[in-house]
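Participant: One structure, as structure tokens, below. Some questions next.
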Amino acid sequence: MRIALFVTCLVDLMRPRIGFAAIRLLEAAGCEVVVPAGQTCCGQPAFNGGDRASAALLAKKVIAEFDGFEYVVAPSGSCADQIRNEYPGLLADDPEWHGRAVALASRVHELTDFLVNVARLDRVPGDFSGSITYHDSCTGLRSLGIKRQPRELLAKLPGVELREMPGAEECCGFGGTFSVKFGEVSAAIAEKKCANACFTGADVIVGGDLGCLLNIEGKLRRMGDETTRVLHVAEVLAGDR
Amino acid sequence: MEIRSMHFKANAATALANPVLQGNLRTSKGKFVDKRRAAIADFQAEGGDFEALREAGRDLRNRVLENLDLWLEKFESTATARGAAVLWAKDGAEICRHVIDIGKRHGVTKAVKSKSMLSEEAGLNQALEAAGIQPVETDLGEYILQINDNEPPSHIIAPVVHKGLDEVADLFARVHRKPRKTGIPELTREAREVLRSHFLTAEMGISGGNFLVAETGSVALVTNEGNGRMVTTLPRVHVVITGIEKVIPTLEDLALLLRLLPRSATGQHISNYVSLLTGVKQPDEHDGPEHLYFILVDNGRAGLVGSEFQDMLRCIRCGACMNHCPVYQTIGGHAYGWVYPGPMGSVLTPLYTGIENAIDLPHAATLCNQCGVVCPVKIPLPELLRKLREKQVEQRLRPLGERLALKAWAWVASKPKLYALGTRIGVRYLDWLAGGGKAIRVLGVVPAWTEGRDFPAPEGKTFRELYARRQKP
């Protein structure tokens, strides 16, 4: 199976190792992974900021780069959702592009969803050992139904002890540009998320969307917690090779 | 009501800095969210399908909105046939004029009120006072706010949810000039003693209306305190003020919405009282008003019919969206600056008061869609908020810096080579800011991020660079 990895702009800029971890996992599932070189951003900041024209510009770019592949996989629920569920509406006024958006949509998956439901990954390559708590990122959870998939994969690692936090499905306060438009409110919401996560006493907070993870890690460090690690689920599953 | 939504950021900062409010918000969040969850679990356990119920609620409300004018005419004719008068108000000022005219016609000096958010839209209490009619709020929460110098409500069904027991105890002791009570039953009894004489002496009762039933000309009231029944049956005159979107065709439809509303609002299977009030007192009846008026209000609603925001008119005012909103839970309702807070308020305030008067509200949401999944009539609130953001951009109402930043980002992101160069420089700048540490304490380009948290340091190189290097033999 030849699949394209949509790295996402945040992973490209902040945490390249998540991209490499995703590649290892996809290869472990028997996929041939291609990383289209010209890819940049899916356009969410513009789309959620009300700038439809800019969002449509980037949507067309992503579609043109990716619609030749059997599947497109992103290590982010919100970016996958943007391509899968928002592009068709965004390009509804343009028959040609709308058709291409619709044709691509159902082939776009969030990483853990793809590994569980499409590639049916049996053995995960990582050897992580320790206690973790899982934060369900909003868009992945409520728009793509990402809940069971990461937990099923984590359960394949014998050394992982999953400790569910109270309010795992509650927003961490990131919200894309919300985090800088209303920094104080955003940080106050993050504080509640951190308190809930730390309540479990887990060594690591794990999630599937880097925006949320940067928000949670930033708040933890500001609160003086230097020890609780914050990792993307791909890093945990793929190991440190 | 005065619109203070332009001050959202300052209001939010004040709310965050208020430890008493923060404590009260934590308590109320748990109550609303947990009770709703339990009520729906019970419903499912009894073989119900709450998802199917939400879909039915959505479809019913959509059917009404498709022929809103016809259902309103039907309601007008049935209500009139039962002896009521139906008046129409295009805005808040007209609501006030109608109520004052009715009061003068019937020699009213005092009006008892049960909860009505429409009267908040209109600023009715101030108008009544100016016209020499004393308004007395009888919903316990609204009463507390009224005696606290007419403080505005912070929630649509629990108006005083931002206050704790101690604050209310102090307020009662000061205003009632009685020894300070500390228990909720004692405080409630004290309020009832004060209110009882008002119920018996008021010539007019003013209520809201949860639903208007077109086939019978009735108003349905969903309440928990019993004050609504006193307000609507004791005085000679009863005035119902409600929005034109509240009409539904039949009693059967009411039964559907009554299964959705209390579970979504307070986590009750049914509220303590459901009143169905039809027509004026008949010769063989012992109670009820001699004169019944319906004031059906537009105040921006008609403009939404047929628009891309029509879905918002399905709202049945349960408050579930705000109860589950991470932003509302963190700052409370006053920060939103007008009558309706939380996600539904962030949609309604700009639509009803002018998009330019509430620039921040459509952005005051993380788009987490917790509101959308709890809404009993499936209003796509995040989508409506996003559409309002688009309107702001179209009308050039967003700050120039933000508009340029979005355009510049999209432009650079559409040019892969330029983007690769930009991110290469950007990531090195961030790495330098981190100074070899794990986090950035002050991020100059977006200082709002690091006011309340650190910004984790990047790895140092972009994925694209590392991947290209790896691909080379």
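Just remember, in the structure tokens the first chain shown is A, the second B, etc., residues are 1-based per chain, and ligands are 1-based in the order shown.
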When you get a sec, could you note down which chain B residues fall within 7 Å of chain A, using only C-alpha atoms, as an MDAnalysis selection string?

Facilitator: chainID B and resid 326 330 363 366:368 386:387 389:390 393 406:407 410 413:414 416 423 427 446 448:449 451:456 458:459 462:464

Participant: Run DSSP on the backbone of this structure and report the residues of range 16-182 of chain A it assigns to helix (DSSP H, G or I), as a PyMOL selection string.

Facilitator: chain A and resi 16-28+44-48+52-66+77-90+95-105+111-118+138-144+148-154+178-181

Participant: Just want the 6 Å neighbourhood of range 84-97 of chain B, counted on only C-alpha atoms, with same-chain residues fewer than 5 positions away dropped. Output as a list in words.

Facilitator: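 Returned residues: Ala79, Ala122, Leu124, Gly279, Leu292, Tyr293, Phe294, Ile295, Leu296, Val297, Asp298 and Asn299 of chain B.
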
Participant: When DSSP works through the backbone of this structure, what residues of range 181-215 of chain A end up as strand (DSSP E), shown as an MDAnalysis selection string?

Facilitator: chainID A and resid 204:207

Participant: Leaving out Tyr134 in chain A and any residue of its chain fewer than 6 positions from it, which residues lie within 9 Å of it when counting only C-alpha atoms, given as a list in words?

Facilitator: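 In the requested form, the answer reads Pro150, Arg151, Leu162, Arg163, Glu164, Met165, Ala168, Ala197, Val204, Ile205, Val206, Gly207, Gly208 and Val233 of chain A.
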
Participant: I want to know what sits within 9 Å of Pro158 in chain A, based on only C-alpha atoms, with residues of the same chain fewer than 4 positions away left out; could you give that as number ranges by chain?

Facilitator: A: 127-129, 154

Participant: Choose the residue, out of B:Arg174, B:Lys472, B:Lys378, B:Arg428, that has the smallest atom-to-atom separation from Met312 in chain B; count only C-alpha atoms.

Facilitator: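 That would be B:Lys378, the residue with the smallest distance to Met312 in chain B.
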
Participant: Find the residues around Lys246 in chain B up to 7 Å (only C-alpha atoms counted), leave out those fewer than 6 positions away in its own chain, and share them as a list in words.

Facilitator: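 With the cut-off at 7 Å, the set is Asn210, Phe211 and Leu212 of chain B.
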
Participant: With N, CA and C atoms kept, could you save the residues just selected as an mmCIF file, in the first residue's frame?

Facilitator:
data_model
loop_
_atom_site.group_PDB
_atom_site.id
_atom_site.type_symbol
_atom_site.label_atom_id
_atom_site.label_comp_id
_atom_site.auth_asym_id
_atom_site.auth_seq_id
_atom_site.Cartn_x
_atom_site.Cartn_y
_atom_site.Cartn_z
ATOM 1 N N ASN B 210 -41.545 29.293 27.318
ATOM 2 C CA ASN B 210 -40.610 28.349 26.706
ATOM 3 C C ASN B 210 -41.062 27.937 25.310
ATOM 4 N N PHE B 211 -42.391 27.709 25.202
ATOM 5 C CA PHE B 211 -42.937 27.357 23.886
ATOM 6 C C PHE B 211 -44.338 27.931 23.750
ATOM 7 N N LEU B 212 -44.727 28.247 22.516
ATOM 8 C CA LEU B 212 -46.092 28.659 22.206
ATOM 9 C C LEU B 212 -46.699 27.539 21.362
#

Participant: Any idea what's packed within 12 Å of Trp71 in chain B, counting only C-alpha atoms, ignoring anything in its chain fewer than 2 positions away? Could you give it as a PyMOL selection string?

Facilitator: chain B and resi 61+63-69+73-79+212-217+244-250
